[in-house]
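The block underneath contains the structure these notes are about, expressed in structure tokens.
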Amino acid sequence: MTDEATQHEQRRRRSPERRRSSTEWRSSVVRLAGTIFEAPSGTTVLRRDRVYRFALVAADLLAAVLAMVVAVTVIGDDGLRLPALLAAAIVVPISKVIGLYDRDDLVLRKSTLDESPALFQLATLYALGFWLLSGTLVAGRLANGQVLALWGLLFAFALVGRWVARKLADAFAETERCLVVGDLRGSGAIEEKLEAGGPINAAVVAHLPLDLDGDRGAALQRLEQAIRRNDAHRVILAPRAADSDAVLDAIRLIKGLGVRVSLLPRLFEVVGSSVVFDDLNGVTVLGVRRFGLTRSSARVKRATDLLGAGLGILATAPVMAVLAILIRLDSHGPVFFRQDRVGRNGRPFEMLKFRSMVDGAEARRAELEAFNESDGVFKIAEDPRVTRIGRFLRKTSLDELPQLLNVLRGDMSLVGPRPLVADEDALVQGFHRRRLHLTPGMTGPWQILGARKVPLQEMVTIDYLYIANWSLWTDVKIMLRTVVHMLSRRGM
């Protein structure tokens with residue numbers, strides 16, 4: 001063997017992954033014709049997953065111990081026996097069985113609030129088991145109030161603990177590297193969402209405008225090369241392919257390389273995510289729910305609005321009185337700002353807000369149109385018409401409080417589509433006009449994203465999908481996230 005050949009062989013042995021021949025690249029694609037097994041994930045991905053998983057385990061254990069100690073020894077006057085420590089550790093296998101440690105591997109947005117139903121189930125099972133074994137675990141007699149306290153405290157501590165654990169894990173875990181495959185428009189939208197922040201520790205490292213409808217073998221070869229070249233941890237597929245077999249081949253290849261997969265299905269842009277999976281003897285069929293609310297669901301939503309608005313007015317009445325005085329002292333003009341908005345089924349109504357601008361601000365809008373920072377909706381970050389107290393009101397979203405009166409009157413809901421002014425509503429065309437099927441809301445899914453940054457067409461799509469997927473739990477989550485949004489003083 002010549003010296004040159006010897007050197008080439010040594011380089012090939014030192015770096016076998018980086019110097020694969022074209023034959024070897026093609027062999028990866030050929031494997032798709034037969035059975036392909038999912039390869040183990042890379043070291044970085046596994047290490048990243050362990051950080052999140054260990055943080056969640058620690059949070060669950062701490063929540064169980066704290067709930068047990070407070071419920072038994074603080075609320076009551078009983079003592080804990082040694083087996084109680086083993087009982088606290090039971091939360092880990094229970095959480096594993098109900099999938100609380102596996103979801104983070106599958107999703108980009110690791111939201112603790114979305115786990116609330118599963119955490120409620122965990123707290124219920126744990127409290128029931130602790131009550132049944134209380135004679136072994138507690139030195140004394142466990143009262144009913146202590147059992148209820150254990151149940152409620154475990155749910156609350158687990159919810160808060162997991163949120164803190166994920167924040168800490170975000171700080172220590174490496175950012176998830178995402179390769180977006182598909183059309184550039186979809187890729188750009190995904191990158192924008194990832195950059196928006198929130199509970200997402202991921203970044204787009206590359207785009208691959210891949211056409212799976214053409215030469216599938218060459219396309220899959222390019223996909224494998226892009227995954228290896230960019231050291232991708234996850235591939236986000238936004239396929240243009242009409243051939244579902246091509247998409248399945250791409251998923252098989254990605255999983256065969258030990259890389260995570262997320263799919264952006266165009267179908268759910270219309271039907272939403274609230275579908276029912278129906279198994280017809282091995283064939284999966286999606287049951288699509290009707291658009292809008294049933295009569296009973298509408299009544300439940302209205303009852304929730306009345307209860308929430310009534311309690312909200314009672315709780316915030318002193319705050320609103322102080323704000324009214326400050327507004328009158330700060331600038332000349334009325335306390336309330338009244339504006340006609342388009343409501344349910346296109347019916348106009350008068351929306352109330354605390355006045356945050358100088359009196360007659362609407363007449364000056366035309367001269368400021370050139371400074372508009374939003375698409376379709378008029379928004380200026382440093383609007384010169386805003387008063388001193390108005391800046392505070394907008395930053396904290398307290399200017400929205402009078403809309404509780406609109407909710408009581410039935411013009412608005414606590415959660416719903418954004419109420420648009422007439423000229424903005426005229427820009428909404430096609431099936432997106434079905435957003436008027438519901439009563440507009442004080443808050444909604446678009447508001448917790450930051451209303452100034454959401455263009456009109458994206459906003460109405462979000463509203464449409466909110467209606468398509470409505471549930472009472474969705475409204476509860478939006479209201480809780482709105483509170484966090486207001487406390488962060490990011491405004492609406």
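Ligands are numbered from 1 in the order shown, residues from 1 within each chain, and chains are lettered A, B, ... in the order they appear in the structure tokens.
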Report task. List every residue of range 136-377 of chain A that DSSP, applied to the backbone of this structure, places in helix (DSSP H, G or I), and write the result as number ranges by chain. Result -> A: 136-137, 144-172, 184-195, 216-229, 244-256, 268-271, 295-330, 344-346, 361-371
(message) I'd like to know which residues of range 111-341 of chain A are strand (DSSP E or B) (by DSSP, run on the backbone); could you write them as an NGL selection string?
(response) :A and (138-139 or 176-182 or 200 or 202-208 or 234-238 or 260-263 or 275-280 or 283-288 or 336-341)
Those residues you just picked out, can you put them in a file as a tab-separated table (two decimals), in the first residue's frame with C-alpha atoms?
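And here is the file that came out, out-v6.tsv:
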chain	number	residue	atom	x	y	z
A	138	VAL	CA	-49.13	8.38	60.77
A	139	ALA	CA	-48.66	8.27	64.52
A	176	GLU	CA	-32.32	22.13	21.51
A	177	ARG	CA	-31.04	22.43	17.94
A	178	CYS	CA	-33.89	22.28	15.43
A	179	LEU	CA	-33.72	21.66	11.69
A	180	VAL	CA	-36.87	22.86	9.92
A	181	VAL	CA	-37.73	20.92	6.76
A	182	GLY	CA	-40.35	22.24	4.34
A	200	ILE	CA	-39.22	26.94	24.87
A	202	ALA	CA	-34.91	25.63	21.40
A	203	ALA	CA	-33.54	27.40	18.33
A	204	VAL	CA	-33.67	26.86	14.58
A	205	VAL	CA	-30.14	26.10	13.31
A	206	ALA	CA	-31.00	25.58	9.64
A	207	HIS	CA	-33.80	25.47	7.04
A	208	LEU	CA	-34.02	22.76	4.41
A	234	ARG	CA	-34.92	17.64	16.45
A	235	VAL	CA	-36.36	17.88	12.94
A	236	ILE	CA	-39.54	19.92	12.50
A	237	LEU	CA	-41.33	18.72	9.37
A	238	ALA	CA	-43.52	21.24	7.57
A	260	ARG	CA	-36.57	13.71	17.58
A	261	VAL	CA	-39.39	14.57	15.17
A	262	SER	CA	-42.11	17.21	15.31
A	263	LEU	CA	-44.71	17.41	12.54
A	275	VAL	CA	-59.97	15.77	17.43
A	276	VAL	CA	-60.85	12.28	18.64
A	277	PHE	CA	-58.74	9.33	17.56
A	278	ASP	CA	-60.97	6.46	16.49
A	279	ASP	CA	-59.50	2.97	16.00
A	280	LEU	CA	-61.36	0.95	13.34
A	283	VAL	CA	-57.14	1.85	10.99
A	284	THR	CA	-56.91	5.24	12.73
A	285	VAL	CA	-59.67	7.72	11.88
A	286	LEU	CA	-59.88	11.29	13.16
A	287	GLY	CA	-63.26	12.45	14.43
A	288	VAL	CA	-63.55	16.22	13.88
A	336	PHE	CA	-63.81	56.03	30.70
A	337	PHE	CA	-62.90	55.63	27.05
A	338	ARG	CA	-65.84	54.35	25.00
A	339	GLN	CA	-65.40	52.85	21.56
A	340	ASP	CA	-67.66	50.96	19.18
A	341	ARG	CA	-66.43	47.42	18.50
Which residues are near Tyr52 in chain A? Cut-off 7 Å, only C-alpha atoms, ignore same chain within fewer than 4 positions. Put them as a list in words.
Arg48, Leu56, Arg166 and Ala169 of chain A
Please produce an output containing C-alpha atoms for each residue in the selection, written as a CSV table (one decimal), in the first residue's frame.
chain,number,residue,atom,x,y,z
A,48,ARG,CA,-30.4,17.3,28.0
A,56,LEU,CA,-38.9,17.0,37.6
A,166,ARG,CA,-38.2,23.6,34.3
A,169,ALA,CA,-33.4,23.0,33.7
- Task: With a distance cut-off of 12 Å and only C-alpha atoms, select the neighbouring residues of Gly161 in chain A, excluding the residue or stretch itself and same-chain residues fewer than 5 positions from it, and output the selection as a list in words.
- Result: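 Using only C-alpha atoms, the neighbours found are Ala55, Leu56, Val57, Ala58, Ala59, Asp60, Leu61, Leu62, Ala63, Ala64, Leu66, Ala67, Thr112, Leu113, Leu119, Leu153, Leu154, Phe155, Ala156, Arg166, Lys167 and Leu168 of chain A.
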Residues of the last selection are to be written out with C-alpha atoms, as a tab-separated table (two decimals), in the first residue's frame.
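This went into again.tsv:
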chain	number	residue	atom	x	y	z
A	55	ALA	CA	-35.30	18.16	37.86
A	56	LEU	CA	-38.92	17.00	37.62
A	57	VAL	CA	-38.28	13.95	39.83
A	58	ALA	CA	-36.69	16.16	42.48
A	59	ALA	CA	-39.63	18.60	42.28
A	60	ASP	CA	-42.19	15.80	42.68
A	61	LEU	CA	-40.38	14.28	45.66
A	62	LEU	CA	-40.01	17.66	47.38
A	63	ALA	CA	-43.69	18.45	46.74
A	64	ALA	CA	-44.77	15.13	48.26
A	66	LEU	CA	-43.68	19.18	51.95
A	67	ALA	CA	-47.37	18.39	51.44
A	112	THR	CA	-46.34	22.97	33.28
A	113	LEU	CA	-49.87	24.35	33.15
A	119	LEU	CA	-51.04	16.46	38.32
A	153	LEU	CA	-51.10	20.97	48.81
A	154	LEU	CA	-49.57	18.20	46.71
A	155	PHE	CA	-51.33	19.50	43.63
A	156	ALA	CA	-50.23	23.11	44.30
A	166	ARG	CA	-38.15	23.56	34.31
A	167	LYS	CA	-36.85	27.10	34.73
A	168	LEU	CA	-33.71	25.73	36.38
*asked:* Quick one: residues within 10 Å of Phe130 in chain A, only C-alpha atoms, excluding same-chain residues fewer than 2 positions away - as a PyMOL selection string?
replied: chain A and resi 68+84+87-88+124-128+132-138+142+147+150-151
Could you write out the selected residues, including N, CA and C atoms, as a PDB file, in the first residue's frame?
ATOM      1  N   MET A  68     -46.925  16.405  52.728  1.00  0.00           N
ATOM      2  CA  MET A  68     -47.141  15.434  53.813  1.00  0.00           C
ATOM      3  C   MET A  68     -46.826  16.059  55.171  1.00  0.00           C
ATOM      4  N   ALA A  84     -43.446   6.632  56.137  1.00  0.00           N
ATOM      5  CA  ALA A  84     -43.990   7.761  55.390  1.00  0.00           C
ATOM      6  C   ALA A  84     -42.991   8.286  54.360  1.00  0.00           C
ATOM      7  N   ALA A  87     -43.445   6.326  51.424  1.00  0.00           N
ATOM      8  CA  ALA A  87     -44.702   6.712  50.774  1.00  0.00           C
ATOM      9  C   ALA A  87     -44.510   7.935  49.892  1.00  0.00           C
ATOM     10  N   ALA A  88     -43.647   8.865  50.329  1.00  0.00           N
ATOM     11  CA  ALA A  88     -43.399  10.056  49.516  1.00  0.00           C
ATOM     12  C   ALA A  88     -42.773   9.685  48.182  1.00  0.00           C
ATOM     13  N   THR A 124     -54.718  13.161  43.554  1.00  0.00           N
ATOM     14  CA  THR A 124     -55.876  12.375  43.995  1.00  0.00           C
ATOM     15  C   THR A 124     -55.470  10.953  44.365  1.00  0.00           C
ATOM     16  N   LEU A 125     -54.687  10.304  43.519  1.00  0.00           N
ATOM     17  CA  LEU A 125     -54.239   8.927  43.799  1.00  0.00           C
ATOM     18  C   LEU A 125     -53.360   8.875  45.039  1.00  0.00           C
ATOM     19  N   TYR A 126     -52.479   9.849  45.177  1.00  0.00           N
ATOM     20  CA  TYR A 126     -51.571   9.854  46.333  1.00  0.00           C
ATOM     21  C   TYR A 126     -52.336  10.074  47.632  1.00  0.00           C
ATOM     22  N   ALA A 127     -53.265  11.043  47.644  1.00  0.00           N
ATOM     23  CA  ALA A 127     -54.034  11.321  48.859  1.00  0.00           C
ATOM     24  C   ALA A 127     -54.903  10.121  49.251  1.00  0.00           C
ATOM     25  N   LEU A 128     -55.483   9.467  48.226  1.00  0.00           N
ATOM     26  CA  LEU A 128     -56.303   8.283  48.509  1.00  0.00           C
ATOM     27  C   LEU A 128     -55.458   7.170  49.114  1.00  0.00           C
ATOM     28  N   LEU A 132     -55.702   5.541  52.960  1.00  0.00           N
ATOM     29  CA  LEU A 132     -55.921   4.115  53.199  1.00  0.00           C
ATOM     30  C   LEU A 132     -54.839   3.510  54.075  1.00  0.00           C
ATOM     31  N   LEU A 133     -53.617   4.019  53.986  1.00  0.00           N
ATOM     32  CA  LEU A 133     -52.486   3.468  54.751  1.00  0.00           C
ATOM     33  C   LEU A 133     -52.112   4.348  55.938  1.00  0.00           C
ATOM     34  N   SER A 134     -53.008   5.262  56.314  1.00  0.00           N
ATOM     35  CA  SER A 134     -52.671   6.226  57.362  1.00  0.00           C
ATOM     36  C   SER A 134     -52.325   5.561  58.690  1.00  0.00           C
ATOM     37  N   GLY A 135     -52.896   4.405  58.985  1.00  0.00           N
ATOM     38  CA  GLY A 135     -52.574   3.716  60.236  1.00  0.00           C
ATOM     39  C   GLY A 135     -51.120   3.303  60.304  1.00  0.00           C
ATOM     40  N   THR A 136     -50.504   3.016  59.165  1.00  0.00           N
ATOM     41  CA  THR A 136     -49.099   2.627  59.106  1.00  0.00           C
ATOM     42  C   THR A 136     -48.181   3.840  59.006  1.00  0.00           C
ATOM     43  N   LEU A 137     -48.647   4.921  58.369  1.00  0.00           N
ATOM     44  CA  LEU A 137     -47.789   6.061  58.063  1.00  0.00           C
ATOM     45  C   LEU A 137     -47.835   7.167  59.101  1.00  0.00           C
ATOM     46  N   VAL A 138     -48.932   7.259  59.851  1.00  0.00           N
ATOM     47  CA  VAL A 138     -49.130   8.384  60.768  1.00  0.00           C
ATOM     48  C   VAL A 138     -49.252   7.886  62.197  1.00  0.00           C
ATOM     49  N   LEU A 142     -55.605  10.400  61.363  1.00  0.00           N
ATOM     50  CA  LEU A 142     -55.645  11.399  60.295  1.00  0.00           C
ATOM     51  C   LEU A 142     -57.078  11.880  60.105  1.00  0.00           C
ATOM     52  N   VAL A 147     -56.525  15.107  55.128  1.00  0.00           N
ATOM     53  CA  VAL A 147     -56.474  14.411  53.836  1.00  0.00           C
ATOM     54  C   VAL A 147     -56.736  15.381  52.694  1.00  0.00           C
ATOM     55  N   LEU A 150     -53.700  17.534  52.268  1.00  0.00           N
ATOM     56  CA  LEU A 150     -52.644  16.792  51.572  1.00  0.00           C
ATOM     57  C   LEU A 150     -52.905  16.775  50.075  1.00  0.00           C
ATOM     58  N   TRP A 151     -54.136  16.537  49.708  1.00  0.00           N
ATOM     59  CA  TRP A 151     -54.514  16.493  48.290  1.00  0.00           C
ATOM     60  C   TRP A 151     -54.279  17.854  47.620  1.00  0.00           C
TER      61      TRP A 151
END
Counting only C-alpha atoms, closest pick from A:Val91, A:Ala298, A:Val428, A:Leu352 relative to Asp411 in chain A is A:Leu352
Distance query Arg229 in chain A at most 10 Å, only C-alpha atoms, self and fewer than 4 positions along chain excluded, as an MDAnalysis selection string: chainID A and resid 18 206 223:225
Emit the selected residues as a JSON list (two decimals), in the first residue's frame, including N, CA and C atoms.
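After the write, part11.json holds the following:
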[["chain", "number", "residue", "atom", "x", "y", "z"],
["A", 18, "ARG", "N", -17.63, 11.35, 9.51],
["A", 18, "ARG", "CA", -17.54, 12.54, 8.69],
["A", 18, "ARG", "C", -17.08, 12.25, 7.26],
["A", 206, "ALA", "N", -31.06, 25.61, 11.10],
["A", 206, "ALA", "CA", -31.00, 25.58, 9.64],
["A", 206, "ALA", "C", -32.38, 25.33, 9.07],
["A", 223, "LEU", "N", -31.64, 15.14, 3.30],
["A", 223, "LEU", "CA", -32.14, 15.29, 4.66],
["A", 223, "LEU", "C", -31.16, 14.71, 5.66],
["A", 224, "GLU", "N", -30.66, 13.50, 5.39],
["A", 224, "GLU", "CA", -29.71, 12.87, 6.31],
["A", 224, "GLU", "C", -28.43, 13.69, 6.40],
["A", 225, "GLN", "N", -27.96, 14.20, 5.30],
["A", 225, "GLN", "CA", -26.75, 15.01, 5.31],
["A", 225, "GLN", "C", -26.96, 16.28, 6.13]]
Computed gap from CA of Glu195 in chain A to CA of Arg109 in chain A is 12.1 Å
A straight line from CA of Gly444 in chain A to CA of Ser471 in chain A spans 12.9 Å
Thr474 in chain A surroundings by only C-alpha atoms, 12 Å radius, close-in-sequence under 2 positions cut, as a VMD selection string
chain A and resid 113 to 114 116 to 117 274 301 415 to 416 444 to 445 465 to 472 476 to 481
Suppose we keep C-alpha atoms; can you now write the selection as a short mmCIF file (atom, residue, chain, number, x, y, z; two decimals), in the first residue's frame?
data_model
loop_
_atom_site.label_atom_id
_atom_site.label_comp_id
_atom_site.auth_asym_id
_atom_site.auth_seq_id
_atom_site.Cartn_x
_atom_site.Cartn_y
_atom_site.Cartn_z
CA LEU A 113 -49.87 24.35 33.15
CA ASP A 114 -50.77 21.84 30.43
CA SER A 116 -52.49 20.25 35.45
CA PRO A 117 -55.05 17.48 34.72
CA SER A 274 -59.44 19.02 19.31
CA LYS A 301 -69.36 29.60 29.41
CA VAL A 415 -62.14 34.81 27.24
CA GLY A 416 -62.86 35.02 23.54
CA GLY A 444 -57.77 35.51 24.58
CA PRO A 445 -55.01 33.33 23.15
CA LEU A 465 -58.70 27.83 16.14
CA TYR A 466 -59.65 28.88 19.68
CA ILE A 467 -63.32 28.48 18.75
CA ALA A 468 -62.65 25.19 16.94
CA ASN A 469 -60.92 23.76 20.04
CA TRP A 470 -62.93 25.44 22.81
CA SER A 471 -63.13 23.86 26.23
CA LEU A 472 -63.65 25.27 29.71
CA VAL A 476 -59.03 28.57 32.59
CA LYS A 477 -55.50 28.20 31.20
CA ILE A 478 -55.80 31.43 29.21
CA MET A 479 -57.02 33.35 32.27
CA LEU A 480 -54.16 32.01 34.42
CA ARG A 481 -51.62 32.92 31.75
#
How many Å lie between CA of Pro318 in chain A and CA of Lys353 in chain A, rounded to one decimal?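 It comes out at 16.4 Å.
Minimum atom-to-atom distance to Arg81 in chain A, evaluated using only C-alpha atoms, belongs to A:Val69 out of A:Leu414, A:Leu100, A:Ala123, A:Val69.
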- prompt: Restricting the calculation to only C-alpha atoms, which member of A:Arg302, A:Arg418, A:Arg347, A:His233 is positioned closest to Val259 in chain A?
  reply: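 Ranking A:Arg302, A:Arg418, A:Arg347, A:His233 by distance to Val259 in chain A, first place goes to A:His233.
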Of A:Met442, A:Leu194, A:Leu257, A:Val358, the one nearest to Leu108 in chain A when counting only C-alpha atoms is A:Leu194
